[in-house]
Each structure stands twice: as C-alpha cells, then as structure tokens.
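Worksheet for the structure shown next.
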Amino acid sequence: MPTLILTVVLLAGTTSPLAAQEKTLASGLINPESVCIGPGHRVFITVIGEFDKDGDGAVLVLDNGKVRTFVGGLNDPKGIAAFQNWLYVTDKTRLLRINANARTPQAEVFVAADKFPEKPQFLNDVAVDAETGVIYVSDSGDLMGGGGAVYRIHPKTGAVSTVISTKKFAALKTPNGLLNDGTSFLLVADFHTGDLFRVKLADGSAEKIASGIEGADGLAWDMHGRLFLSSWSKGQVYVIPRPGAKPVLLSDKFKAAADICYDPQRKAILVPDMTAGTVVAVPAQVPNEPVDETPLALRVELAFPQLQLTGWSPETAEGKPNPLRPIALTHAGDGSNRLYLATQHGVIHAFPNDPKASKTEIVLDIQDRVQYDDRTNEEGLLGLAFHPDFARTGELYVFYTPKRTRPSEEMRNRVVRFRRDAKDPARFDPNSEELILEYRQRPFWNHDGGTILFGPDGYLYIVHGDGGSANDPFDHGQNLKTLFGKILRIDVNRREQGRPYAIPPDNPFVVRTDARPEIYAYGLRNPWRIAFDKPTGQLWCGDVGQNLYEEINLIVKGGNYGWNRREGLHPFGPKGSGPKPEYIDPIWEYHHDLGKSITGGAVYRGSRLPELQGYYLYADYVTSRVWALKYDDKLGRVVANRPLPDPKKPVLSFGEDATGELYMLVLAPDGRGIYRFAK
C-alpha cells in the first residue's frame with residue numbers, strides 16, 4: 001500500500017484563535033531548549049546558556065510559578081525527558097541522568113560519548129518508553145545532513161544500540177524530535193527536511209507520515225491521541241488531530257519554538273522559545289474543533305439506598321470478604337417496572353424500580369454451575385438479556401463461564417437460554433437451561449467480554465475478547481475463523497444446520513468460506529461493554545487496551561477495529577501499522593496516565609437529567625473516573641468529554657432501565673453497588 005504523505009498547507013499570516021489563550025510561564029531564560037513534566041508535576045526546563053560554552057548550561061525547575069536552578073554546571077543541555085524519579089538530559093555528546101527526588105540533585109553521566117556506536121556530534125532530543133523505561137536519543141550529526149542517528153539505551157545497563165541512521169536510511173538527514181508511538185514504533189522529526197518518520201523499532205524500517213514542517217523540532221502527544229509538532233525555524237506549533245489528518249497550525253507567535261511537551265494539569269503544550277527566552281503554555285486543542293472538557297455540575301448518589309440483596313453476605317462461609325460484584329442491570333421490556341440485577345457470582349435478582357425499594361427477589365441462582373474466583377475475576381456470569389418479546393416467550397439469555405472441577409479442564413464460555421418457571425412465572429427455571437453457543441478451548445482465563453444484548457433488528461449480539469493473556473498470542477483478533485476477539489450476531493428465533501440458532505442473512509461474512517458466519521465485527525481485544533443507542537441504532541463499544549491506550553469505538557457491520565495491529569490510534573506490536581483503510585480507528589482514546597481499563601457505558605436517553613441527553617457515559621475501572629462523551633455525527637468527531645463525579649469505587653458496568661435512565665454498578669463491600677447521577 002502506498003504511504004500517505006501529509007503536507008502542511010498554510011495561508012500566510014494565519015493565526016489560531018487559541019493564541020489569545022497562551023500563557024507565559026517563564027521568561028528571561030538564556031536559550032531554553034527543552035521542557036518536560038517530572039515527578040510531582042514539576043516543570044523542568046533545559047537552558048543551553050551561551051552556545052558552545054561549557055559549564056553555563058542548566059536544568060531549571062518551575063515550582064509555584066517561580067523558576068530556580070535545579071542542577072547547574074552543564075555544557076549545552078538540550079533534550080530532557082522524565083521517567084519515574086529520573087530526568088534524562090542530552091548534553092552535547094553525553095547522556096546525563098538526574099534523580100529528581102534527591103535532596104541534593106546532581107547530574108551523573110549515564111552514557112558517555114565513547115559508549116555510543118559512533119562518536120556523537122550533536123545529541124539532541126531524548127524520549128523514554130513509558131512502559132519499559134527504554135531511552136531513545138537523537139544525534140543530529142553535522143546539522144548538514146550527515147552523521148545523524150537515533151540510539152536505543154537500556155535503562156539499567158546503559159547499553160547503546162542504533163535504531164536508525166543517515167547511513168542506513170538515506171531519506172533521513174538531521175534527526176531531531178523523538179516520540180514513542182506505542183511501544184513498538186518511534187516518531188522521528190527531521191530538522192533538515194521537515195519530514196516526520198515512523199520507525200519500526202524491531203528492524204529500523206521507516207515510513208514518512210508527514211512533510212513540510214520546516215525546522216521540525218519537538219513532538220508531543222496529548223492524552224487523547226492528538227499529535228503536536230513544533231517548527232524551530234518558523235516559530236510555529238502544529239497539531240495533527242488524528243492519524244492520517246493534515247497538520248493544523250496551532251500557533252505562530254514564537255521566534256524559535258523548540259522541544260515541546262504536554263502538560264496534563266494545564267491541558268496545554270509547553271513551548272520553549274529559544275530566541276525569546278520564554279516558556280509558554282498553549283491550549284492543547286485543535287483550532288476550530290473544540291472539545292468541551294468542563295465538568296458537569298452533577299453529583300453521584302446511591303440509586304436504591306435501602307436495597308438489601310437477598311442471600312448476599314459481606315463474608316463467605318470461610319469468613320473471607322465477599323464484596324458484591326454487580327455486573328449487569330436491565331429490564332424485561334414487559335411494562336412490569338421491575339429491574340433485574342445480575343452478580344458475577346451467578347445470581348440474578350429482581351426488584352421494583354423504586355428508589356425506596358428495600359429487598360430483592362432471587363429469580364435465578366446458578367452459582368452451582370458458574371466459575372468465579374477473585375484471583376481470576378474476569379470470569380463468571382457476565383451478561384444477560386431478555387428476549388425482545390419476553391412477555392410472550394418468557395426467555396432469558398445468560399452469558400457465563402461454566403465451573404471447572406479440575407485445573408486441567410477445558411476453559412469455556414457459553415450463552416444459554418432459560419425459561420420462566422411454569423410454577424412461579426416471576427422466576428426462571430434453573431433446569432430449563434438450553435445451550436445456544438459455546439466458546440471452546442479458551443486459551444486463557446481473561447478477556448472474556450460477556451455482554452449480550454438484543455439489537456433493534458431483533459438479533460442477539462454477543463461479545464467475547466481475544467482469548468486472553470497479552471499481545472493476542474494466537475492472532476485471534478484478525479482471524480475470521482475464530483469467534484474470539486469478535487462481536488457476533490445471531491438469530492435465536494430460528495434453528496438451522498443443526499445449530500440452536502440461525503445466521504442473519506445479511507451478516508457480513510455469511511458468503512465467505514474462510515470466516516465464521518456469526519461474526520458481525522472483529523479486531524477487538526477485550527470489549528467491555530457494548531450498548532445500542534436506541535434512537536439512532538448506533539452500537540457503542542469500550543475496548544480495554546493493553547500497553548498504553550483505552551478506546552471507544554462505533555461499531556459497524558463488518559468493521560475491523562485493528563487489534564492486534566493497532567492499539568487505540570497507534571500501531572501495536574511486531575505486525576503493527578499506521579492507519580489503513582481496512583482498520584477502523586476509535587473515535588476516542590485516553591492514555592493510561594488517565595486510566596487503565598475502560599468500562600464502556602451507554603448513551604443517556606432518560607428524562608431526569610436533560611444536561612446528559614445524548615452523552616455516552618463511560619468510566620475507568622482502575623481509577624473510578626467517569627466521563628460524559630458526545631460525538632457529532634455530522635462533524636464526524638468528538639465534541640465533548642466532560643468529567644462526572646465518580647463513586648470512589650471501581651465501576652464494573654452500567655445499566656439502563658425502561659425509561660432510558662442509566663446506572664453505575666460498582667464493586668461494593670457493603671452490598672450497595674447501584675449508583676446514579678443527580679442534580
């Protein structure tokens with residue numbers, strides 16, 4: 001496939017409206033070159049001092065609005081990057097290391113000039129892999145297109161190897177800015193040509209992904225996959241909103257915009273201006289494409305404060321803690337005004353949809369056949385869905401992990417059907433279980449997915465992750481012959497070809513002999529959870545990431561969402577790639593600095609809170625953060641991602657009642673695990 005080249009096209013004199021919001025954080029500096037955010041959210045700045053004069057360079061720190069020298073006596077310090085408590089600084093021909101938390105910080109030589117494969121000429125930028133701590137350093141060579149290279153440095157031993165060089169890759173002239181693109185690729189800005197390359201770390205192969213950025217210098221990601229670039233010679237800063245998009249001018253107010261970084265607290269790009277002697281904060285937005293990130297003025301409260309779950313105890317029979325794990329909350333669509341709550345251990349409760357409800361009724365208890373263990377807490381009862389015509393059929397569908405009696409027993413997941421108990425129609429007969437679909441030979445216990453729901457078309461949609469472990473070792477996500485890493489779509493009202501279900505005739509792969517006909521969408525890692533927006537029919541999916549990024553996808557029939565070639569908006573792994581037409585990138589991603597495990601929610605269509613109308617609510621399981629996201633179909637982009645108050649407990653799932661009101665289901669040691677938002 002030909003490489004897509006993006007060229008910057010700017011009108012003379014154009015200035016971003018965001019320029020008016022720029023704020024100077026420091027001034028009077030002597031040749032500030034680079035900036036980073038270090039421990040304690042302190043801003044660290046390298047200042048060269050007088051060029052080629054040893055001993056007058058320094059690392060400064062911005063604390064409480066004041067700049068002071070952190071470590072002095074350096075030569076010509078340029079790039080700076082932080083990892084854990086360390087600051088890494090390029091200083092002419094050596095790499096320095098500073099313990100930022102030391103009582104008396106000092107610079108030590110981590111890699112001396114004679115440890116590089118080639119004698120360094122002009123060490124420039126430095127980047128650190130946020131997952132592994134591996135360090136990357138650029139040598140701009142003779143600044144005329146010769147002798148340049150990018151090096152990889154082991155974080156413990158300091159061992160140096162060459163990633164790419166101007167000798168081996170003729171298109172590269174003067175490597176400058178560096179930035180990790182996932183853990184398997186590195187972005188390299190070429191100061192001489194104005195090109196931006198994506199380099200595969202495994203073999204040093206490179207592709208050009210943008211051009212026309214004269215004097216290309218610094219690179220920075222924000223928390224949502226937007227890429228920022230600076231031009232030293234033009235004094236400009238650009239932003240690429242999404243992979244494959246054209247660079248957009250963010251600011252042209254600078255004289256010599258040097259090596260930039262993203263400041264998550266200020267939500268700004270910090271820009272050292274070498275000539276002006278300043279560090280300026282520029283709002284990290286895309287001009288004319290604002291994203292509303294203002295918090296919503298709501299509070300979080302228990303939805304059913306008096307509700308006691310029948311049969312649940314905060315302790316097991318052995319006296320161990322037994323926190324409630326509510327995993328699904330829904331309704332039967334039968335006008336009964338009852339809610340159904342499933343726990344991961346295998347119990348389904350029913351209760352009136354009334355804030356004053358005080359007690360649940362157990363309508364199905366299958367703990368005797370459900371596999372759940374706190375040590376492998378992605379298994380269990382994971383999903384339930386009522387037949388669209390439940391009042392007539394009395395059918396309930398459940399996704400669960402069947403119990404294993406010995407460690408060597410095959411791991412499976414299954415979708416089954418239960419029917420109303422003929423003697424007690426308010427309950428379900430546990431002996432009526434009928435197997436609909438089974439996932440056999442699961443290689444690992446995690447990434448089970450488990451959401452099941454009926455779509456507006458009346459078909460049953462089923463989610464399963466890639467089979468577990470890390471990296472999708474069996475390449476399930478891209479393999480259309482397996483059901484792992486997929487969203488399925490089946491017709492449970494018919495049987496065909498010996499199956500207890502039929503294949504919808506318009507399923508995307510129904511005519512292919514090399515694909516399972518049940519598949520509706522693929523290329524997913526661990527989709528947790530999916531939901532239909534009823535007015536639009538749009539299917540939403542939160543997909544849990546691995547190394548660095550969580551993502552939100554809009555699911556379409558036949559869509560390939562990229563795993564394990566892509567993670568979020570970035571290439572992933574040895575087979576990773578940039579954006580391609582065959583991969584559908586997420587509409588939104590967030591970095592693991594914000595959260596590490598997305599809990600997908602649903603679009604709010606209730607009436608209690610008009611300010612949430614049309615927002616997709618989602619959370620992060622690890623941090624308990626919650627957001628309300630709005631996507632504009634006409635603009636084709638996210639226009640709001642607004643923080644909501646969080647319940648201070650891990651959010652396991654979301655639920656919805658018959659009126660479109662949404663609920664958060666949280667890990668609850670006290671048994672009170674259903675929350676909602678209120679004014």
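Ordering of the structure tokens sets the chain letters (A, B, ...), residue numbers begin anew at 1 in every chain, and ligands are numbered from 1 in the order given.
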Please report as a Markdown table every residue of stretch 116-217 of chain A lying within 12 Å of stretch 24-36 of chain A, along with the nearest atom pair and their distance in Å (one decimal), using only C-alpha atoms.
| residue | atom | partner | partner_atom | distance |
| --- | --- | --- | --- | --- |
| A:Asn124 | CA | A:Glu33 | CA | 9.6 |
| A:Asp125 | CA | A:Ser34 | CA | 8.3 |
| A:Val126 | CA | A:Ser34 | CA | 9.7 |
| A:Ala127 | CA | A:Cys36 | CA | 10.3 |
| A:Val128 | CA | A:Cys36 | CA | 11.4 |
| A:Asn176 | CA | A:Ser34 | CA | 11.9 |
| A:Gly177 | CA | A:Ser34 | CA | 10.4 |
| A:Asp217 | CA | A:Ser34 | CA | 10.0 |
For the interface of stretch 424-469 of chain A with stretch 587-601 of chain A (cut-off 12 Å, counting only C-alpha atoms), please tabulate each contacting residue of stretch 424-469 of chain A alongside its nearest pair of atoms and their separation in Å to one decimal, rows sorted by chain and increasing number, as a tab-separated table.
residue	atom	partner	partner_atom	distance
A:His447	CA	A:Ser597	CA	11.7
A:Gly449	CA	A:Thr599	CA	11.0
A:Thr451	CA	A:Gly600	CA	10.5
For the residues in that selection, give me N, CA and C atoms as a PDB file, in the first residue's frame.
ATOM      1  N   HIS A 447     -10.053 -11.744  29.399  1.00  0.00           N
ATOM      2  CA  HIS A 447     -10.578 -11.164  28.153  1.00  0.00           C
ATOM      3  C   HIS A 447     -11.830 -11.916  27.688  1.00  0.00           C
ATOM      4  N   GLY A 449     -15.042 -10.662  27.795  1.00  0.00           N
ATOM      5  CA  GLY A 449     -16.135  -9.846  27.265  1.00  0.00           C
ATOM      6  C   GLY A 449     -17.412 -10.134  28.023  1.00  0.00           C
ATOM      7  N   THR A 451     -20.774  -9.260  27.250  1.00  0.00           N
ATOM      8  CA  THR A 451     -22.020  -8.538  27.018  1.00  0.00           C
ATOM      9  C   THR A 451     -22.862  -9.293  26.001  1.00  0.00           C
TER      10      THR A 451
END
Which residues, written as a list of chain:residue names, have at least one atom at most 8 Å from A:Gly383, with only C-alpha atoms counted and residues fewer than 5 positions away on the same chain left out?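 The residues satisfying every condition are A:Ile327, A:Ala328, A:Ala342, A:Val398, A:Phe399, A:Tyr400, A:Gly450, A:Thr451, A:Ile452.
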File of the preceding selection, N, CA and C atoms, as a compact mmCIF listing (two decimals), in the first residue's frame:
# COMPACT_ATOMS: atom_id res chain seq x y z
N ILE A 327 -22.89 -6.98 37.91
CA ILE A 327 -22.27 -6.99 36.58
C ILE A 327 -23.22 -6.55 35.48
N ALA A 328 -24.52 -6.63 35.71
CA ALA A 328 -25.48 -6.23 34.68
C ALA A 328 -26.78 -5.82 35.35
N ALA A 342 -27.81 -8.74 37.90
CA ALA A 342 -27.02 -9.97 37.91
C ALA A 342 -25.71 -9.71 38.62
N VAL A 398 -28.33 -15.77 29.04
CA VAL A 398 -27.26 -15.53 30.00
C VAL A 398 -25.92 -15.96 29.39
N PHE A 399 -24.90 -15.13 29.62
CA PHE A 399 -23.52 -15.46 29.25
C PHE A 399 -22.78 -15.78 30.54
N TYR A 400 -22.18 -16.98 30.62
CA TYR A 400 -21.43 -17.30 31.83
C TYR A 400 -20.29 -18.26 31.54
N GLY A 450 -18.38 -10.74 27.34
CA GLY A 450 -19.56 -11.23 28.03
C GLY A 450 -20.84 -10.44 27.86
N THR A 451 -20.77 -9.26 27.25
CA THR A 451 -22.02 -8.54 27.02
C THR A 451 -22.86 -9.29 26.00
N ILE A 452 -24.13 -9.45 26.30
CA ILE A 452 -25.10 -9.94 25.31
C ILE A 452 -26.28 -8.98 25.34
Residues near A:Arg94, anyone? I mean within 8 Å using only C-alpha atoms, not counting same-chain ones fewer than 4 positions away, as a count of residues only. 8
If you count only C-alpha atoms, which residues fall within 7 Å of A:Leu196, apart from same-chain ones fewer than 6 positions away, as an NGL selection string? :A and (187-190 or 208-211)
So that I can see what lies close to A:Arg419, please list as a ChimeraX atom specification the residues with an atom at most 6 Å from it, counting only C-alpha atoms and leaving out residues fewer than 6 positions away in the same chain. /A:394-395,428,432
Need to verify the contact set: A:His349, 10 Å, only C-alpha atoms, exclusion of same-chain residues closer than 6 positions in sequence. Can you return it as a PDB file with C-alpha atoms, in the first residue's frame?
ATOM      1  CA  LEU A 309     -29.842  -8.165  48.252  1.00  0.00           C
ATOM      2  CA  THR A 310     -31.483 -11.370  49.353  1.00  0.00           C
ATOM      3  CA  GLY A 311     -28.967 -14.091  50.165  1.00  0.00           C
ATOM      4  CA  LEU A 329     -28.684  -4.303  35.312  1.00  0.00           C
ATOM      5  CA  LEU A 339     -35.254  -4.195  37.341  1.00  0.00           C
ATOM      6  CA  TYR A 340     -33.025  -7.243  37.122  1.00  0.00           C
ATOM      7  CA  LEU A 341     -29.557  -7.234  38.650  1.00  0.00           C
ATOM      8  CA  ALA A 342     -27.018  -9.967  37.910  1.00  0.00           C
ATOM      9  CA  THR A 343     -23.976 -10.617  40.069  1.00  0.00           C
ATOM     10  CA  LYS A 359     -35.412  -6.035  49.176  1.00  0.00           C
ATOM     11  CA  THR A 360     -34.649  -8.121  46.095  1.00  0.00           C
ATOM     12  CA  GLU A 361     -36.139 -11.405  44.997  1.00  0.00           C
ATOM     13  CA  ILE A 362     -33.817 -14.063  43.596  1.00  0.00           C
ATOM     14  CA  VAL A 363     -35.236 -15.098  40.238  1.00  0.00           C
ATOM     15  CA  LEU A 364     -32.349 -17.324  39.128  1.00  0.00           C
ATOM     16  CA  ASP A 365     -29.425 -18.775  41.076  1.00  0.00           C
ATOM     17  CA  ARG A 427     -38.802 -16.732  38.449  1.00  0.00           C
TER      18      ARG A 427
END
